[in-house]
file my_file-v5.cif (mmCIF, C-alpha atoms)
data_coords
#
loop_
_atom_site.label_atom_id
_atom_site.label_comp_id
_atom_site.auth_asym_id
_atom_site.auth_seq_id
_atom_site.Cartn_x
_atom_site.Cartn_y
_atom_site.Cartn_z
CA MET A 1 -94.05 -241.88 -141.28
CA LEU A 2 -92.32 -238.55 -141.10
CA SER A 3 -94.11 -235.39 -139.99
CA ILE A 4 -92.85 -231.83 -140.19
CA THR A 5 -94.61 -229.41 -137.86
CA GLY A 6 -94.23 -225.82 -136.64
CA THR A 7 -91.32 -224.26 -138.47
CA GLY A 8 -89.49 -227.51 -138.87
CA ALA A 9 -87.45 -228.40 -141.90
CA LEU A 10 -85.61 -231.44 -143.12
CA SER A 11 -82.45 -230.93 -145.08
CA SER A 12 -81.46 -233.46 -147.69
CA PRO A 13 -78.55 -232.58 -149.99
CA ALA A 14 -79.75 -234.83 -152.80
CA SER A 15 -82.80 -236.92 -153.53
CA ALA A 16 -80.72 -240.09 -153.33
CA ASP A 17 -80.07 -239.33 -149.67
CA LEU A 18 -83.71 -239.60 -148.68
CA VAL A 19 -86.17 -242.17 -149.93
CA PHE A 20 -89.83 -242.33 -148.98
CA ASN A 21 -91.63 -245.64 -148.99
CA GLY A 22 -94.33 -244.53 -146.56
CA THR A 23 -96.02 -241.28 -145.58
CA TYR A 24 -94.62 -237.79 -145.27
CA ILE A 25 -96.89 -235.26 -143.55
CA HIS A 26 -96.25 -231.60 -144.12
CA SER A 27 -98.19 -230.10 -141.25
CA ARG A 28 -96.57 -226.67 -141.21
CA ASN A 29 -97.45 -223.45 -143.02
CA GLY A 30 -95.06 -222.74 -145.89
CA GLY A 31 -91.66 -224.36 -145.74
CA SER A 32 -90.28 -226.92 -148.16
CA ILE A 33 -90.93 -230.52 -148.96
CA PRO A 34 -87.63 -232.32 -148.48
CA THR A 35 -85.66 -233.37 -151.52
CA ALA A 36 -86.30 -237.09 -151.86
CA ASN A 37 -87.13 -240.03 -154.02
CA TRP A 38 -90.79 -241.03 -153.70
CA ASN A 39 -91.17 -244.74 -154.22
CA PRO A 40 -94.37 -246.57 -155.22
CA GLY A 41 -96.65 -246.65 -152.20
CA SER A 42 -95.36 -243.41 -150.74
CA LEU A 43 -97.60 -240.50 -149.88
CA CYS A 44 -96.91 -236.81 -149.61
CA ASN A 45 -99.69 -235.42 -147.43
CA ILE A 46 -99.88 -231.63 -147.20
CA THR A 47 -101.96 -230.70 -144.17
CA GLY A 48 -100.60 -227.52 -142.66
CA ILE A 49 -100.71 -224.79 -145.26
CA VAL A 50 -102.58 -221.76 -143.98
CA ASN A 51 -101.61 -218.77 -146.11
CA THR A 52 -98.07 -219.37 -147.33
CA THR A 53 -97.19 -221.53 -150.28
CA LEU A 54 -94.47 -224.13 -150.31
CA VAL A 55 -91.02 -222.76 -150.98
CA SER A 56 -89.62 -225.80 -152.77
CA GLY A 57 -89.83 -229.53 -153.14
CA LEU A 58 -92.86 -229.72 -155.41
CA ASN A 59 -90.91 -231.00 -158.37
CA PRO A 60 -88.81 -233.98 -157.24
CA THR A 61 -86.81 -235.61 -159.98
CA SER A 62 -88.94 -238.72 -160.19
CA GLY A 63 -92.17 -237.07 -159.15
CA PHE A 64 -94.46 -238.06 -156.32
CA TYR A 65 -96.42 -241.27 -155.98
CA ASP A 66 -99.59 -240.30 -154.09
CA PHE A 67 -100.12 -236.63 -153.29
CA ILE A 68 -102.84 -235.28 -150.99
CA TRP A 69 -103.73 -231.66 -150.27
CA ASN A 70 -105.69 -231.66 -147.04
CA CYS A 71 -105.41 -228.18 -145.56
CA SER A 72 -108.43 -227.61 -143.37
CA GLY A 73 -106.92 -224.41 -141.97
CA GLN A 74 -106.14 -222.76 -145.29
CA THR A 75 -107.17 -219.12 -145.21
CA ALA A 76 -105.91 -217.76 -148.56
CA ALA A 77 -105.52 -218.82 -152.16
CA ILE A 78 -102.35 -220.83 -152.60
CA ASN A 79 -100.44 -220.73 -155.86
CA LEU A 80 -98.20 -223.68 -156.58
CA GLY A 81 -96.64 -221.79 -159.48
CA GLY A 82 -96.69 -224.65 -161.95
CA LYS A 83 -94.11 -226.56 -159.93
CA LEU A 84 -96.22 -229.58 -159.10
CA THR A 85 -95.98 -231.49 -162.36
CA THR A 86 -95.65 -235.21 -161.77
CA ILE A 87 -97.71 -237.56 -159.63
CA ALA A 88 -97.37 -241.19 -160.53
CA ASN A 89 -100.57 -242.40 -158.92
CA ASN A 90 -103.39 -240.43 -157.29
CA PHE A 91 -103.75 -236.71 -156.67
CA THR A 92 -106.43 -235.99 -154.09
CA ILE A 93 -107.51 -232.55 -152.96
CA SER A 94 -109.38 -233.35 -149.77
CA THR A 95 -109.99 -229.80 -148.63
CA THR A 96 -108.78 -226.28 -149.24
CA ASN A 97 -111.16 -224.85 -146.66
CA GLY A 98 -113.04 -222.92 -149.32
CA GLN A 99 -109.91 -221.23 -150.66
CA GLN A 100 -108.43 -221.79 -154.09
CA LEU A 101 -105.59 -224.15 -154.77
CA GLN A 102 -104.02 -222.85 -157.97
CA LEU A 103 -101.80 -225.27 -159.81
CA SER A 104 -100.50 -222.69 -162.26
CA THR A 105 -100.74 -218.94 -162.44
CA THR A 106 -98.14 -216.72 -164.05
CA VAL A 107 -95.73 -219.59 -164.58
CA LYS A 108 -96.58 -222.20 -167.14
CA PRO A 109 -95.24 -225.62 -166.23
CA ALA A 110 -92.33 -226.63 -168.43
CA THR A 111 -94.20 -229.81 -169.24
CA ALA A 112 -97.74 -230.98 -168.85
CA ILE A 113 -98.94 -231.74 -165.38
CA SER A 114 -99.11 -235.51 -165.26
CA ILE A 115 -101.29 -237.52 -162.89
CA GLY A 116 -100.87 -241.22 -163.43
CA ASN A 117 -104.12 -242.43 -161.99
CA ASN A 118 -107.07 -240.61 -160.44
CA PHE A 119 -107.53 -236.88 -159.89
CA GLN A 120 -110.07 -236.27 -157.16
CA VAL A 121 -111.41 -233.08 -155.63
CA ASP A 122 -113.43 -233.49 -152.44
CA GLY A 123 -114.92 -231.64 -149.51
CA ASN A 124 -114.83 -227.88 -149.20
CA SER A 125 -112.24 -227.54 -151.92
CA ARG A 126 -111.76 -225.08 -154.72
CA LEU A 127 -109.40 -225.74 -157.60
CA ALA A 128 -107.94 -223.60 -160.38
CA LEU A 129 -105.72 -225.06 -163.06
CA THR A 130 -104.55 -221.66 -164.28
CA THR A 131 -105.41 -218.08 -163.45
CA THR A 132 -103.57 -216.05 -166.07
CA ALA A 133 -103.02 -216.13 -169.79
CA VAL A 134 -100.60 -219.01 -169.78
CA GLY A 135 -102.00 -222.28 -171.04
CA VAL A 136 -101.58 -225.45 -169.13
CA THR A 137 -102.11 -229.09 -170.05
CA VAL A 138 -103.12 -231.61 -167.41
CA ASN A 139 -103.02 -235.29 -168.28
CA VAL A 140 -104.95 -237.64 -166.03
CA GLY A 141 -104.39 -241.36 -166.56
CA GLY A 142 -107.41 -242.42 -164.55
CA ASP A 143 -110.68 -240.84 -163.54
CA LEU A 144 -111.49 -237.22 -162.85
CA ASN A 145 -113.74 -237.25 -159.80
CA PHE A 146 -115.06 -233.85 -158.82
CA ASN A 147 -116.96 -234.11 -155.54
CA ALA A 148 -116.27 -230.72 -153.98
CA THR A 149 -119.31 -229.13 -152.42
CA ASN A 150 -118.10 -225.55 -152.09
CA ALA A 151 -120.84 -223.30 -153.45
CA SER A 152 -118.39 -220.69 -154.76
CA GLY A 153 -117.13 -223.33 -157.11
CA SER A 154 -113.92 -224.22 -158.84
CA PRO A 155 -113.07 -221.97 -161.78
CA LEU A 156 -110.65 -224.19 -163.65
CA LYS A 157 -109.32 -221.14 -165.43
CA THR A 158 -109.84 -217.39 -165.53
CA THR A 159 -108.11 -215.59 -168.40
CA GLY A 160 -105.87 -218.43 -169.47
CA SER A 161 -106.61 -221.70 -171.11
CA TYR A 162 -106.12 -225.32 -170.29
CA THR A 163 -106.52 -228.74 -171.78
CA LEU A 164 -107.54 -231.41 -169.35
CA ASN A 165 -107.10 -234.88 -170.82
CA VAL A 166 -108.91 -237.58 -168.86
CA MET A 167 -107.87 -241.20 -169.10
CA ALA A 168 -104.93 -240.19 -171.18
CA ILE A 169 -102.27 -242.70 -172.11
CA LEU A 170 -99.26 -241.35 -170.30
CA PRO A 171 -95.67 -241.86 -171.33
CA MET B 1 -119.06 -235.38 -160.72
CA ASN B 2 -120.90 -235.91 -157.47
CA ALA B 3 -120.78 -232.55 -155.76
CA PRO B 4 -124.03 -231.60 -154.01
CA ALA B 5 -124.24 -227.76 -154.09
CA GLY B 6 -120.81 -227.67 -155.66
CA ILE B 7 -119.88 -225.93 -158.90
CA LEU B 8 -117.30 -226.91 -161.45
CA SER B 9 -116.72 -224.03 -163.83
CA LEU B 10 -114.85 -225.01 -166.97
CA SER B 11 -114.10 -221.36 -167.65
CA ALA B 12 -114.27 -218.14 -165.68
CA GLY B 13 -112.78 -215.79 -168.25
CA VAL B 14 -111.90 -215.34 -171.90
CA ASN B 15 -110.76 -218.28 -174.01
CA THR B 16 -111.84 -221.86 -173.69
CA GLY B 17 -111.20 -224.53 -171.13
CA THR B 18 -111.10 -227.91 -172.79
CA LEU B 19 -111.95 -231.24 -171.26
CA ASN B 20 -110.96 -234.17 -173.43
CA LEU B 21 -112.56 -237.44 -172.36
CA LEU B 22 -110.23 -239.90 -174.00
CA ASN B 23 -111.68 -242.96 -172.34
CA GLY B 24 -114.14 -243.83 -169.61
CA ASP B 25 -117.63 -242.44 -169.14
CA PHE B 26 -119.22 -239.12 -168.25
CA THR B 27 -121.28 -239.10 -165.06
CA LEU B 28 -123.02 -236.14 -163.45
CA THR B 29 -124.65 -237.13 -160.20
CA ALA B 30 -125.00 -233.87 -158.28
CA GLY B 31 -123.85 -230.26 -158.46
CA THR B 32 -123.48 -227.89 -161.38
CA LEU B 33 -121.18 -228.17 -164.37
CA THR B 34 -121.01 -224.79 -166.02
CA ARG B 35 -118.88 -221.87 -167.08
CA SER B 36 -119.14 -218.36 -165.67
CA ALA B 37 -117.38 -216.58 -168.57
CA GLY B 38 -115.71 -217.59 -171.79
CA ALA B 39 -116.51 -221.10 -172.91
CA GLY B 40 -116.01 -224.67 -171.95
CA ALA B 41 -115.54 -227.58 -174.30
CA ILE B 42 -116.10 -231.25 -173.69
CA ASN B 43 -114.77 -233.57 -176.34
CA PHE B 44 -116.01 -237.15 -176.23
CA ASN B 45 -113.07 -238.91 -177.78
CA LYS B 46 -113.26 -242.49 -176.62
CA VAL B 47 -112.79 -245.11 -179.31
CA GLY B 48 -115.93 -247.14 -178.68
CA THR B 49 -118.92 -246.60 -176.44
CA GLN B 50 -118.86 -243.69 -174.01
CA THR B 51 -121.80 -243.51 -171.64
CA VAL B 52 -123.48 -240.32 -170.45
CA THR B 53 -125.27 -240.59 -167.11
CA ASN B 54 -127.03 -237.46 -165.95
CA ASN B 55 -130.46 -238.31 -164.65
CA THR B 56 -130.33 -237.58 -160.94
CA GLY B 57 -130.70 -233.82 -160.83
CA ALA B 58 -127.26 -232.44 -161.60
CA ALA B 59 -127.20 -229.26 -163.64
CA MET B 60 -125.28 -228.55 -166.80
CA SER B 61 -125.45 -224.96 -167.99
CA GLY B 62 -123.75 -222.19 -169.91
CA THR B 63 -121.64 -222.27 -173.03
CA ILE B 64 -120.17 -225.72 -172.95
CA ASN B 65 -119.65 -227.00 -176.46
CA CYS B 66 -119.85 -230.77 -176.76
CA THR B 67 -118.21 -232.61 -179.63
CA VAL B 68 -118.41 -236.33 -180.29
CA SER B 69 -115.58 -237.84 -182.31
CA ALA B 70 -116.13 -240.05 -185.33
CA ALA B 71 -114.84 -243.02 -183.34
CA THR B 72 -117.24 -242.56 -180.43
CA THR B 73 -120.65 -244.02 -179.72
CA LEU B 74 -122.30 -241.68 -177.24
CA ASP B 75 -124.69 -243.83 -175.23
CA PHE B 76 -127.19 -242.14 -172.92
CA THR B 77 -128.44 -243.90 -169.82
CA ASP B 78 -132.24 -243.76 -169.95
CA GLU B 79 -133.32 -240.10 -169.78
CA SER B 80 -129.82 -238.77 -169.22
CA PHE B 81 -128.97 -235.67 -171.18
CA LEU B 82 -126.47 -233.02 -172.18
CA ALA B 83 -127.59 -229.44 -171.61
CA GLY B 84 -126.49 -225.83 -171.64
CA THR B 85 -126.24 -223.13 -174.27
CA GLY B 86 -123.28 -224.58 -176.10
CA LYS B 87 -123.07 -226.26 -179.49
CA PHE B 88 -123.53 -229.96 -180.03
CA THR B 89 -121.45 -231.50 -182.79
CA MET B 90 -121.89 -235.14 -183.70
CA ASN B 91 -119.32 -236.92 -185.82
CA GLY B 92 -119.88 -240.46 -184.56
CA ILE B 93 -122.86 -242.41 -183.27
CA LEU B 94 -125.64 -240.98 -181.12
CA LEU B 95 -127.31 -243.81 -179.24
CA LEU B 96 -130.67 -242.63 -177.94
CA ARG B 97 -132.39 -244.29 -174.98
CA SER B 98 -134.95 -241.64 -174.01
CA LEU B 99 -138.55 -242.83 -173.90
CA ASN B 100 -139.99 -239.35 -173.79
CA GLY B 101 -143.35 -239.20 -175.53
CA THR B 102 -142.46 -236.04 -177.42
CA GLY B 103 -139.29 -237.49 -178.75
CA ALA B 104 -135.95 -238.96 -177.84
CA LEU B 105 -134.34 -236.13 -179.76
CA VAL B 106 -136.21 -232.84 -179.49
CA THR B 107 -135.36 -229.24 -180.21
CA GLY B 108 -135.45 -227.21 -177.02
CA THR B 109 -133.95 -227.67 -173.64
CA THR B 110 -136.28 -229.79 -171.56
CA LEU B 111 -136.83 -233.14 -173.23
CA GLY B 112 -134.87 -236.00 -174.71
CA ASN B 113 -131.24 -236.96 -174.53
CA VAL B 114 -129.85 -233.76 -176.06
CA ARG B 115 -131.10 -230.52 -174.51
CA MET B 116 -128.47 -228.08 -175.71
CA SER B 117 -129.75 -224.80 -177.06
CA GLY B 118 -126.75 -224.02 -179.23
CA ALA B 119 -126.48 -225.14 -182.82
CA ARG B 120 -126.59 -228.86 -183.37
CA ALA B 121 -124.51 -230.20 -186.22
CA TYR B 122 -124.46 -233.74 -187.54
CA ALA B 123 -121.61 -234.57 -189.86
CA SER B 124 -122.14 -236.67 -192.93
CA GLY B 125 -121.45 -240.23 -191.92
CA SER B 126 -122.73 -239.83 -188.39
CA ARG B 127 -125.47 -242.13 -187.17
CA VAL B 128 -128.48 -241.84 -184.89
CA ILE B 129 -129.64 -245.07 -183.29
CA TYR B 130 -132.89 -245.52 -181.39
CA ARG B 131 -132.34 -248.27 -178.82
CA GLY B 132 -134.70 -247.59 -175.93
CA ALA B 133 -136.03 -250.19 -173.52
CA ALA B 134 -139.58 -249.48 -174.74
CA ALA B 135 -141.22 -247.70 -177.61
CA GLN B 136 -139.61 -244.43 -178.63
CA VAL B 137 -140.64 -241.38 -180.57
CA ILE B 138 -138.74 -239.52 -183.26
CA GLY B 139 -139.09 -235.88 -182.31
CA SER B 140 -138.40 -232.45 -183.69
CA GLY B 141 -134.66 -232.74 -183.13
CA GLN B 142 -134.22 -235.51 -185.64
CA PRO B 143 -131.39 -234.32 -187.93
CA ALA B 144 -132.19 -233.62 -191.55
CA ALA B 145 -128.61 -233.22 -192.70
CA ALA B 146 -127.49 -235.22 -195.71
CA GLY B 147 -125.47 -238.30 -195.04
CA VAL B 148 -126.80 -238.91 -191.55
CA THR B 149 -128.05 -242.46 -191.05
CA THR B 150 -130.91 -243.22 -188.71
CA GLU B 151 -131.20 -246.75 -187.36
CA ILE B 152 -134.12 -248.33 -185.54
CA ASP B 153 -132.88 -250.90 -183.05
CA ASN B 154 -135.91 -251.12 -180.82
CA THR B 155 -138.14 -254.19 -180.79
CA SER B 156 -140.93 -252.16 -179.18
CA GLY B 157 -141.07 -249.82 -182.10
CA VAL B 158 -140.23 -246.22 -182.90
CA PHE B 159 -142.90 -243.76 -183.89
CA VAL B 160 -142.80 -240.49 -185.76
CA ARG B 161 -144.36 -237.54 -183.99
CA HIS B 162 -142.72 -234.74 -185.85
CA ARG B 163 -140.49 -234.50 -188.86
CA SER B 164 -139.34 -231.13 -190.12
#
call {"tool": "encode", "arguments": {"input": "my_file-v5.cif", "output": "C-alpha cells"}}
result
Amino acid sequence: MLSITGTGALSSPASADLVFNGTYIHSRNGGSIPTANWNPGSLCNITGIVNTTLVSGLNPTSGFYDFIWNCSGQTAAINLGGKLTTIANNFTISTTNGQQLQLSTTVKPATAISIGNNFQVDGNSRLALTTTAVGVTVNVGGDLNFNATNASGSPLKTTGSYTLNVMAILP
Amino acid sequence: MNAPAGILSLSAGVNTGTLNLLNGDFTLTAGTLTRSAGAGAINFNKVGTQTVTNNTGAAMSGTINCTVSAATTLDFTDESFLAGTGKFTMNGILLLRSLNGTGALVTGTTLGNVRMSGARAYASGSRVIYRGAAAQVIGSGQPAAAGVTTEIDNTSGVFVRHRS
C-alpha cells in the first residue's frame, strides 16, 4: 500500500517505472496521481480531496483497475474534466460529502468513459456525468447501483446530454 | 436503485439523458428516480426477459420516456410498475403480473403495472401477456392498436372489466 498525504507527491517518469498491484491512497487535497501501470487487483482510492481537483494522473495508459472516490471532507464540486475514462473493474463513489463529483464538464472525453464491471454510488454522494452542452457516453459492463441518500440528488446532466449504457459489452 | 431519501435525476436541463439497459434487470427499492428539467429516457434493450421490480415504495416521476425494444420481454414483479409523466412505447412483449381488481393494465397513474401518464404506444407485432399468480383483470389500459396480440397465460383466469 502506498499513501500520499499532506502536499506529498510521487514522481514517476513513465508508467513502466511504477506498477501497482495493491492499493494506492490519495489522501491529499489536489495533487496528482502518480504515473503508473495499474494491474488487475490494484485499487486507486481517492480520500483526501477537499476543494481542489486532481492535477493529473486520471488517464493512465492502461486505465485503472478498481477506482474509489471516498472524500468525506469534500467541500466543493469537483470537476474531473473528462480525464477519468477507463476503469477495468469497479468504480465506486463512496462519498462526496454532499458535493458534486462531475466526470465531465466543458471537456468531452476523447472516448467513452468505460467501466468494466460495476458502477456504484453510495452514501452522501452526488454525481454528475456532464454539466455543459458536451455529450458524454458512459459504458458500464456490470451493474449500475445507485444507493446515494443525499436529498439534493444527483443530476446526471444539466444542459448537456449523455448516454449511459448499462451492462454493455465492452471492447 | 436503493437510495432512501436519495434522488437520481436523469436530467436537470435541456436535452435528454439516456439510460440504455442492455442487459440485467431494473430494480427500484428506495428513493426517487426522476428528472428536474428536460427529459430522461430509459430504453429496455435486453434480448430476452428483463424484470422490473418496483413495489417497495420507491418513486418514479417526471418526464422519463420508457421504450421497450422488440427483442425484450418486460416482466413485472407482482404489482411493480413504471410511472411518471413520460411516454411508454412497447415494441416487444409486456408481461403483466398485476392482480389489481381494476385491471393489470389501466389508464391512469395509480393501478396496474404501467402507471405512466404520457402517451402509450404499442407497435404492431408487440404482445401483451397476462401471467399473474391468480386471476387477473383486463382493464382500461388494454391496447386497441392493430397488430397487437394479447395472450392469456393464467390458469386462474383473466376477466374483462373494461374494454374501450
call {"tool": "resolve_selection", "arguments": {"input": "my_file-v5.cif", "expression": "the PyMOL selection byres ((chain A and resi 56) around 10)", "output": "compact mmCIF listing (two decimals) with C-alpha atoms, keeping the file's coordinate frame"}}
result
# COMPACT_ATOMS: atom_id res chain seq x y z
CA GLY A 30 -95.06 -222.74 -145.89
CA GLY A 31 -91.66 -224.36 -145.74
CA SER A 32 -90.28 -226.92 -148.16
CA ILE A 33 -90.93 -230.52 -148.96
CA PRO A 34 -87.63 -232.32 -148.48
CA THR A 35 -85.66 -233.37 -151.52
CA THR A 53 -97.19 -221.53 -150.28
CA LEU A 54 -94.47 -224.13 -150.31
CA VAL A 55 -91.02 -222.76 -150.98
CA GLY A 57 -89.83 -229.53 -153.14
CA LEU A 58 -92.86 -229.72 -155.41
CA ASN A 59 -90.91 -231.00 -158.37
CA PRO A 60 -88.81 -233.98 -157.24
CA LEU A 80 -98.20 -223.68 -156.58
CA LYS A 83 -94.11 -226.56 -159.93
CA LEU A 84 -96.22 -229.58 -159.10
call {"tool": "resolve_selection", "arguments": {"input": "my_file-v5.cif", "expression": "the PyMOL selection byres ((chain B and resi 107) around 9)", "output": "PyMOL selection string"}}
result
chain B and resi 105-106+108-112+114-117+139-142
call {"tool": "closest_atom_pairs", "arguments": {"input": "my_file-v5.cif", "of": "chain B", "to": "chain A", "cutoff": "9 Å", "atoms": "only C-alpha atoms", "output": "tab-separated table"}}
result
residue	atom	partner	partner_atom	distance
B:Met1	CA	A:Phe146	CA	4.7
B:Asn2	CA	A:Asn147	CA	4.7
B:Ala3	CA	A:Asn147	CA	4.1
B:Pro4	CA	A:Thr149	CA	5.6
B:Ala5	CA	A:Thr149	CA	5.4
B:Gly6	CA	A:Thr149	CA	3.9
B:Ile7	CA	A:Gly153	CA	4.2
B:Leu8	CA	A:Ser154	CA	5.0
B:Ser9	CA	A:Pro155	CA	4.7
B:Leu10	CA	A:Leu156	CA	5.4
B:Ser11	CA	A:Lys157	CA	5.3
B:Ala12	CA	A:Thr158	CA	4.5
B:Gly13	CA	A:Thr158	CA	4.3
B:Val14	CA	A:Thr159	CA	5.2
B:Asn15	CA	A:Ser161	CA	6.1
B:Thr16	CA	A:Ser161	CA	5.8
B:Gly17	CA	A:Tyr162	CA	5.2
B:Thr18	CA	A:Thr163	CA	4.8
B:Leu19	CA	A:Leu164	CA	4.8
B:Asn20	CA	A:Asn165	CA	4.7
B:Leu21	CA	A:Val166	CA	5.1
B:Leu22	CA	A:Met167	CA	5.6
B:Asn23	CA	A:Met167	CA	5.3
B:Gly24	CA	A:Met167	CA	6.8
B:Ala30	CA	A:Asn147	CA	8.5
B:Gly31	CA	A:Thr149	CA	7.6
B:Thr32	CA	A:Gly153	CA	8.9
B:Arg35	CA	A:Pro155	CA	7.9
B:Ser36	CA	A:Pro155	CA	8.1
B:Ala37	CA	A:Thr158	CA	8.2
B:Gly38	CA	A:Thr159	CA	8.6
call {"tool": "resolve_selection", "arguments": {"input": "my_file-v5.cif", "expression": "the PyMOL selection byres ((chain A and resi 85) around 9)", "output": "PyMOL selection string"}}
result
chain A and resi 58-59+63+82-84+86-87+103+109-115+138
call {"tool": "atom_distance", "arguments": {"input": "my_file-v5.cif", "atom1": "CA of Gly132 (chain B)", "atom2": "CA of Asn43 (chain B)"}}
result
24.4 Å
call {"tool": "residues_around", "arguments": {"input": "my_file-v5.cif", "residues": "Ile138 (chain B)", "least_positions_apart": "4", "cutoff": "10 Å", "atoms": "all atoms listed in the file", "output": "PyMOL selection string"}}
result
chain B and resi 99-106+130+142+158-163
call {"tool": "closest_residue", "arguments": {"input": "my_file-v5.cif", "among": "B:Ala39, B:Leu33, B:Leu96, B:Ile129", "to": "Val148 (chain B)", "atoms": "only C-alpha atoms"}}
result
B:Ile129
call {"tool": "closest_residue", "arguments": {"input": "my_file-v5.cif", "among": "B:Asn91, B:Thr34, B:Thr63, B:Thr29", "to": "Tyr122 (chain B)", "atoms": "all atoms listed in the file"}}
result
B:Asn91
call {"tool": "atom_distance", "arguments": {"input": "my_file-v5.cif", "atom1": "CA of Thr75 (chain A)", "atom2": "CA of Thr7 (chain A)"}}
result
18.0 Å
call {"tool": "atom_distance", "arguments": {"input": "my_file-v5.cif", "atom1": "CA of Gln100 (chain A)", "atom2": "CA of Asn79 (chain A)"}}
result
8.3 Å
call {"tool": "closest_residue", "arguments": {"input": "my_file-v5.cif", "among": "A:Ile49, A:Leu10, A:Ala77, A:Leu2", "to": "Gly98 (chain A)", "atoms": "only C-alpha atoms"}}
result
A:Ala77
call {"tool": "closest_residue", "arguments": {"input": "my_file-v5.cif", "among": "B:Ala41, B:Leu28, B:Gly62, B:Val47", "to": "Ser80 (chain B)", "atoms": "all atoms listed in the file"}}
result
B:Leu28
call {"tool": "residues_near_point", "arguments": {"input": "my_file-v5.cif", "point": "(-90.9, -241.5, -142.3)", "cutoff": "8 Å", "atoms": "all atoms listed in the file", "output": "VMD selection string"}}
result
chain A and resid 1 to 3 20 to 24
call {"tool": "write_last_selection", "arguments": {"input": "my_file-v5.cif", "atoms": "C-alpha atoms", "output": "PDB file, in the coordinates of the input"}}
result
ATOM      1  CA  MET A   1     -94.050-241.880-141.280  1.00  0.00           C
ATOM      2  CA  LEU A   2     -92.320-238.550-141.100  1.00  0.00           C
ATOM      3  CA  SER A   3     -94.110-235.390-139.990  1.00  0.00           C
ATOM      4  CA  PHE A  20     -89.830-242.330-148.980  1.00  0.00           C
ATOM      5  CA  ASN A  21     -91.630-245.640-148.990  1.00  0.00           C
ATOM      6  CA  GLY A  22     -94.330-244.530-146.560  1.00  0.00           C
ATOM      7  CA  THR A  23     -96.020-241.280-145.580  1.00  0.00           C
ATOM      8  CA  TYR A  24     -94.620-237.790-145.270  1.00  0.00           C
TER       9      TYR A  24
END
call {"tool": "build_atoms", "arguments": {"input": "my_file-v5.cif", "residues": "region 83-88 of chain A", "atoms": "all heavy atoms", "output": "PDB file, in the frame of the given file"}}
result
ATOM      1  N   LYS A  83     -95.237-225.699-160.318  1.00  0.00           N
ATOM      2  CA  LYS A  83     -94.110-226.560-159.930  1.00  0.00           C
ATOM      3  C   LYS A  83     -94.520-227.996-159.668  1.00  0.00           C
ATOM      4  O   LYS A  83     -93.686-228.893-159.759  1.00  0.00           O
ATOM      5  CB  LYS A  83     -93.446-225.971-158.675  1.00  0.00           C
ATOM      6  CG  LYS A  83     -92.811-224.609-158.922  1.00  0.00           C
ATOM      7  CD  LYS A  83     -92.276-224.014-157.630  1.00  0.00           C
ATOM      8  CE  LYS A  83     -91.703-222.626-157.878  1.00  0.00           C
ATOM      9  NZ  LYS A  83     -91.318-221.960-156.609  1.00  0.00           N
ATOM     10  N   LEU A  84     -95.761-228.212-159.330  1.00  0.00           N
ATOM     11  CA  LEU A  84     -96.220-229.580-159.100  1.00  0.00           C
ATOM     12  C   LEU A  84     -96.604-230.170-160.448  1.00  0.00           C
ATOM     13  O   LEU A  84     -97.654-229.847-161.010  1.00  0.00           O
ATOM     14  CB  LEU A  84     -97.422-229.587-158.148  1.00  0.00           C
ATOM     15  CG  LEU A  84     -98.028-230.954-157.833  1.00  0.00           C
ATOM     16  CD1 LEU A  84     -97.037-231.826-157.078  1.00  0.00           C
ATOM     17  CD2 LEU A  84     -99.322-230.799-157.028  1.00  0.00           C
ATOM     18  N   THR A  85     -95.758-231.029-160.979  1.00  0.00           N
ATOM     19  CA  THR A  85     -95.980-231.490-162.360  1.00  0.00           C
ATOM     20  C   THR A  85     -96.118-232.989-162.505  1.00  0.00           C
ATOM     21  O   THR A  85     -96.654-233.443-163.517  1.00  0.00           O
ATOM     22  CB  THR A  85     -94.830-231.044-163.283  1.00  0.00           C
ATOM     23  OG1 THR A  85     -93.602-231.575-162.776  1.00  0.00           O
ATOM     24  CG2 THR A  85     -94.739-229.526-163.363  1.00  0.00           C
ATOM     25  N   THR A  86     -95.656-233.774-161.536  1.00  0.00           N
ATOM     26  CA  THR A  86     -95.650-235.210-161.770  1.00  0.00           C
ATOM     27  C   THR A  86     -96.092-235.973-160.529  1.00  0.00           C
ATOM     28  O   THR A  86     -95.451-235.908-159.475  1.00  0.00           O
ATOM     29  CB  THR A  86     -94.241-235.700-162.165  1.00  0.00           C
ATOM     30  OG1 THR A  86     -93.757-234.913-163.246  1.00  0.00           O
ATOM     31  CG2 THR A  86     -94.268-237.165-162.579  1.00  0.00           C
ATOM     32  N   ILE A  87     -97.201-236.677-160.683  1.00  0.00           N
ATOM     33  CA  ILE A  87     -97.710-237.560-159.630  1.00  0.00           C
ATOM     34  C   ILE A  87     -97.978-238.899-160.293  1.00  0.00           C
ATOM     35  O   ILE A  87     -98.793-238.999-161.219  1.00  0.00           O
ATOM     36  CB  ILE A  87     -99.003-236.975-159.009  1.00  0.00           C
ATOM     37  CG1 ILE A  87     -98.693-235.628-158.342  1.00  0.00           C
ATOM     38  CG2 ILE A  87     -99.609-237.958-158.010  1.00  0.00           C
ATOM     39  CD1 ILE A  87     -99.904-234.807-158.008  1.00  0.00           C
ATOM     40  N   ALA A  88     -97.301-239.910-159.839  1.00  0.00           N
ATOM     41  CA  ALA A  88     -97.370-241.190-160.530  1.00  0.00           C
ATOM     42  C   ALA A  88     -98.699-241.902-160.325  1.00  0.00           C
ATOM     43  O   ALA A  88     -99.148-242.647-161.196  1.00  0.00           O
ATOM     44  CB  ALA A  88     -96.225-242.094-160.049  1.00  0.00           C
TER      45      ALA A  88
END
